[in-house]
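Trainee: Following this message is one structure expressed as structure tokens.
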Amino acid sequence: MKNDSKRIKAARISRLFGTDGSVMLTLYRDFPDDFSEDTPLYMDVDGLEVPLYCERFEFRGTTGALVRFEDLDTPRRAGEFTGRELWIHAAEQEQDEFCLDDLIGFAVEAGGLRGRVSDFYDSEANPLFGIEFEGRGEVLVPAVEEFIAGIDFEARRMKMVLPEGLLEL
């Protein structure tokens, strides 16, 4: 198994389809919606992790797919793997990765003031937090790493260090 990824059960080969070695897959809940034919699916064959590359891949509803694998080119060969599970490798996410809009609703402390993140305004040029500070209404604060002193995801709190004058009315 790859060091920088984890194994995710993705599908099961449920039956043969047609005469060219195509198969129907039953897709599991974690199967990626944006799956690409460039991405191999893996199968365990005699204790070895074997990548299977798709020659053709067509979603059939939300829980099925019609697939033709490059190396399984006959019904007899494809039939040997009916009932087997397939998995994908998904890159491990860094623990500190998150989206800034995930912070909506977090309590905020900044320079002795307390508030709550009420919104996130996404802009490549200048992303902003809308923070409702007690008694001040919504204040727009740049959503930049330099202003975030710490985030406690379990307690849903964020401490910010803001430049002098930013919160002046």
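Ordering of the structure tokens sets the chain letters (A, B, ...); residue numbers start at 1 within each chain; ligands are numbered from 1 in the order shown.
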Please identify which residues in chain A DSSP calls strand (DSSP E or B) from the backbone, and express them as JSON, numbers by chain.

Mentor: {"A": [5, 6, 7, 8, 9, 10, 11, 12, 13, 14, 15, 16, 17, 22, 23, 24, 25, 26, 27, 41, 42, 43, 44, 45, 48, 49, 50, 51, 52, 54, 55, 56, 57, 58, 59, 64, 65, 66, 67, 68, 69, 85, 86, 87, 88, 89, 90, 91, 107, 108, 109, 110, 113, 114, 115, 116, 117, 118, 119, 120, 121, 128, 129, 130, 131, 132, 133, 137, 138, 139, 140, 141, 142, 148, 149, 150, 151, 152, 157, 158, 159, 160]}

Trainee: List as a ChimeraX atom specification the protein and nucleic acid residues near Asp73 of chain A, meaning an atom at most 7 Å away when only C-alpha atoms are counted, but skip any in the same chain fewer than 3 places from it.

Mentor: /A:20-21,70,77

Trainee: Keeping N, CA and C atoms, export the residues of the selection given above as a PDB file, in the first residue's frame.

Mentor:
```pdb
ATOM      1  N   ASP A  20     -17.710  -8.465 -24.227  1.00  0.00           N
ATOM      2  CA  ASP A  20     -16.358  -7.925 -24.395  1.00  0.00           C
ATOM      3  C   ASP A  20     -15.552  -7.897 -23.094  1.00  0.00           C
ATOM      4  N   GLY A  21     -16.063  -8.531 -22.047  1.00  0.00           N
ATOM      5  CA  GLY A  21     -15.356  -8.538 -20.766  1.00  0.00           C
ATOM      6  C   GLY A  21     -15.781  -7.409 -19.846  1.00  0.00           C
ATOM      7  N   GLU A  70      -8.786  -2.754 -18.745  1.00  0.00           N
ATOM      8  CA  GLU A  70      -7.821  -3.007 -19.818  1.00  0.00           C
ATOM      9  C   GLU A  70      -7.404  -4.477 -19.904  1.00  0.00           C
ATOM     10  N   ARG A  77     -12.330 -14.268 -18.478  1.00  0.00           N
ATOM     11  CA  ARG A  77     -11.321 -13.631 -17.607  1.00  0.00           C
ATOM     12  C   ARG A  77     -11.997 -12.696 -16.598  1.00  0.00           C
TER      13      ARG A  77
END
```

Trainee: Would you compute the distance between atom CA of Ile88 of chain A and atom CA of Met43 of chain A? Give it in Å to one decimal.

Mentor: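 So the answer is 9.1 Å.
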
Trainee: May I have the residues within 12 Å of Leu167 of chain A as a ChimeraX atom specification, using only C-alpha atoms and disregarding those fewer than 6 positions away in the same chain?

Mentor: /A:110-114,131-133,136-142,160-161

Trainee: Which residue out of A:Met24, A:Ala65, A:Leu72, A:Trp87 has the minimum interatomic distance to Asp44 of chain A when only C-alpha atoms are used?

Mentor: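 Counting only C-alpha atoms, the residue closest to Asp44 of chain A is A:Trp87.
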
Trainee: Which residues come within 12 Å of Pro40 of chain A, counting only C-alpha atoms, excluding same-chain residues fewer than 6 positions away, as an NGL selection string?

Mentor: :A and (10 or 49-57 or 67 or 69-70 or 86-90)

Trainee: Write the residues you've just listed into a file as a compact mmCIF listing (two decimals), in the first residue's frame, and include C-alpha atoms for each of them.

Mentor:
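Listing of out-v2.txt after writing:
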```txt
# COMPACT_ATOMS: atom_id res chain seq x y z
CA ALA A 10 -15.04 1.59 -3.35
CA GLU A 49 -2.50 -5.42 -4.57
CA VAL A 50 -3.22 -5.34 -8.31
CA PRO A 51 -4.18 -2.08 -10.06
CA LEU A 52 -6.94 -2.29 -12.65
CA TYR A 53 -7.13 0.48 -15.21
CA CYS A 54 -10.43 1.35 -16.86
CA GLU A 55 -10.69 1.32 -20.62
CA ARG A 56 -14.29 2.47 -20.27
CA PHE A 57 -16.21 3.73 -17.22
CA VAL A 67 -16.72 -0.84 -16.62
CA PHE A 69 -10.88 -3.00 -17.55
CA GLU A 70 -7.82 -3.01 -19.82
CA LEU A 86 -12.30 -3.05 -5.35
CA TRP A 87 -10.75 -0.14 -3.54
CA ILE A 88 -9.13 3.17 -4.32
CA HIS A 89 -6.29 5.04 -2.71
CA ALA A 90 -7.23 8.42 -1.31
```

Trainee: Taking only C-alpha atoms into account, name the residue in A:Arg68, A:Arg29, A:Arg60, A:Arg84 that is nearest to Phe17 of chain A.

Mentor: A:Arg68

Trainee: Pull the alpha helix (DSSP H) assignments for chain A out of DSSP run on the backbone, and list those residues as an MDAnalysis selection string.

Mentor: chainID A and resid 75:79

Trainee: If you measure from atom CA of Glu85 of chain A to atom CA of Ile8 of chain A, what distance in Å do you get, rounded to one decimal?

Mentor: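 Atom CA of Glu85 of chain A sits 10.6 Å away from atom CA of Ile8 of chain A.
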
Trainee: Could you check how far atom CA of Pro75 of chain A sits from atom CA of Ala11 of chain A, in Å to one decimal?

Mentor: 19.1 Å

Trainee: Measuring atom to atom with only C-alpha atoms, identify which of A:Met158, A:Pro163, A:Asp46, A:Thr82 is nearest to Gly105 of chain A.

Mentor: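 Counting only C-alpha atoms, the residue closest to Gly105 of chain A is A:Met158.
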
Trainee: With distances taken over only C-alpha atoms, which residue among A:Ala155, A:Val23, A:Leu162, A:Ile148 lies nearest Gly79 of chain A?

Mentor: A:Val23

Trainee: With distances taken over only C-alpha atoms, which residue among A:Gly47, A:Pro32, A:Gly115, A:Pro127 lies nearest Glu145 of chain A?

Mentor: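 That would be A:Pro127, the residue with the smallest distance to Glu145 of chain A.
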
Trainee: Could you check the closest approach to Glu154 of chain A for each of A:Phe81, A:Phe106, A:Tyr121, A:Phe129 and tell me which residue wins, using only C-alpha atoms?

Mentor: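 Under the stated criterion, the closest residue is A:Phe106.
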
Trainee: Hey, what's within 6 Å of Lys159 of chain A if we count only C-alpha atoms and toss same-chain stuff fewer than 2 positions away? As JSON, numbers by chain, please?

Mentor: {"A": [108, 109, 149, 150]}
